[in-house]
Each structure stands twice: as C-alpha cells, then as structure tokens.
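Asks: Here it is: the structure, laid out below.
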Amino acid sequence: MPLAIIDGPTIAAGESLSDGVDCSGGEIVRITVPQEFTPANLTFQVSSDGNFYNDLFDAEGDEITVTAKPNTGIVIGARWVRSVGFIKFRSGSRDHPVDQKVDCKFAIAIETP
C-alpha cells in the first residue's frame with residue numbers, strides 16, 4: 001500500500017501540545033521526530049471531527065504512550081492507529097507534560113488504501 005506523508009503536527013516552543021492534523025486518509029505507520037525535540041514520551045489527543053479532542057487511552061485505562069527520541073523515526077504498529085481521524089501530539093503525559101524549548105515539527109506517514 002502507498003504511503004502519504006503529513007507535514008506536521010507542530011508543538012510550539014514553550015508548549016507541550018501540538019496543533020491537530022488530519023490522518024483520516026489512512027493508518028499511521030510512522031512518526032518522524034525532529035532533532036530539536038526536547039526528549040519526552042509522546043502521548044496523544046484524538047478527534048473524529050478535528051474540533052473536539054480527547055486524551056487517548058486504551059480499554060484498560062492506560063494512557064497511550066510512545067517513547068520518542070530526537071532525530072528518529074518511530075514505527076507504529078499498534079491497533080490504536082485505526083481509531084485516529086485527527087490527532088494532536090503531547091510531549092510528556094497528560095499529568096506531566098514537557099514543554100518544548102523550540103518549535104518542533106513532526107511528520108506522520110500514513111498507509112493509504
């Protein structure tokens with residue numbers, strides 16, 4: 001299946017939560033982390049319509065968390081990606097966010113039908 005690359009989202013300097021991006025055209029298969037990223041885990045907010053976002057948790061009540069390191073690509077093979085229409089990235093967790101020192105623009109690869 002072909003890949004489409006989404007330019008973004010961006011976590012602004014001094015913030016921990018990104019803007020939202022539309023991933024409804026496929027399933028997320030990779031996240032590219034910029035070299036400027038202040039190290040932290042990534043957690044997520046998701047939306048069906050791009051307007052109202054909720055923190056992403058699994059059925060056991062655990063926050064969906066991905067380990068992120070600067071200047072890396074993260075392969076995503078988890079089932080939760082099938083539930084994403086629109087997504088925001090958070091550095092750190094809902095309870096312990098990590099502000100970024102500079103603007104950090106990610107890229108998302110989605111597998112399209």
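Residue numbering restarts at 1 for every chain of the structure tokens, chains are lettered A, B, ... in their displayed order, and ligands are numbered from 1 as they appear.
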Excluding A:Val81 and any residue of its chain fewer than 3 positions from it, enumerate the residues within 6 Å of it, using only C-alpha atoms, and give them as a count of residues only.

Replies: 3

Asks: As a VMD selection string, please: the residues near A:Val98 (cut-off 9 Å, only C-alpha atoms, same-chain neighbours under 4 positions excluded).

Replies: chain A and resid 14 to 17 38 to 41 90 to 93

Asks: From a DSSP pass on the backbone, collect the residues of chain A flagged as strand (DSSP E or B) and hand them back as a ChimeraX atom specification.

Replies: /A:3-11,17,21-22,27-33,42-47,54-55,57,63,66,72-75,86-92,97,104-111

Asks: Give the answer as one residue: which of A:Phe44, A:Arg82, A:Ile31, A:Gly20 has the shortest atom-to-atom distance to A:Ala109, using only C-alpha atoms?

Replies: A:Ile31

Asks: Expressed in Å to a single decimal, how great is the separation between atom CA of A:Arg94 and atom CA of A:Thr72?

Replies: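 Atom-to-atom, atom CA of A:Arg94 to atom CA of A:Thr72, that is 22.8 Å.
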
Asks: One decimal, in Å: what's the spacing between atom CA of A:Ile6 and atom CA of A:Asp99?

Replies: 22.8 Å

Asks: Counting only C-alpha atoms, what is within 12 Å of A:Gly73, bar same-chain residues fewer than 5 positions away, as an NGL selection string?

Replies: :A and (29-35 or 66-68 or 106-109)
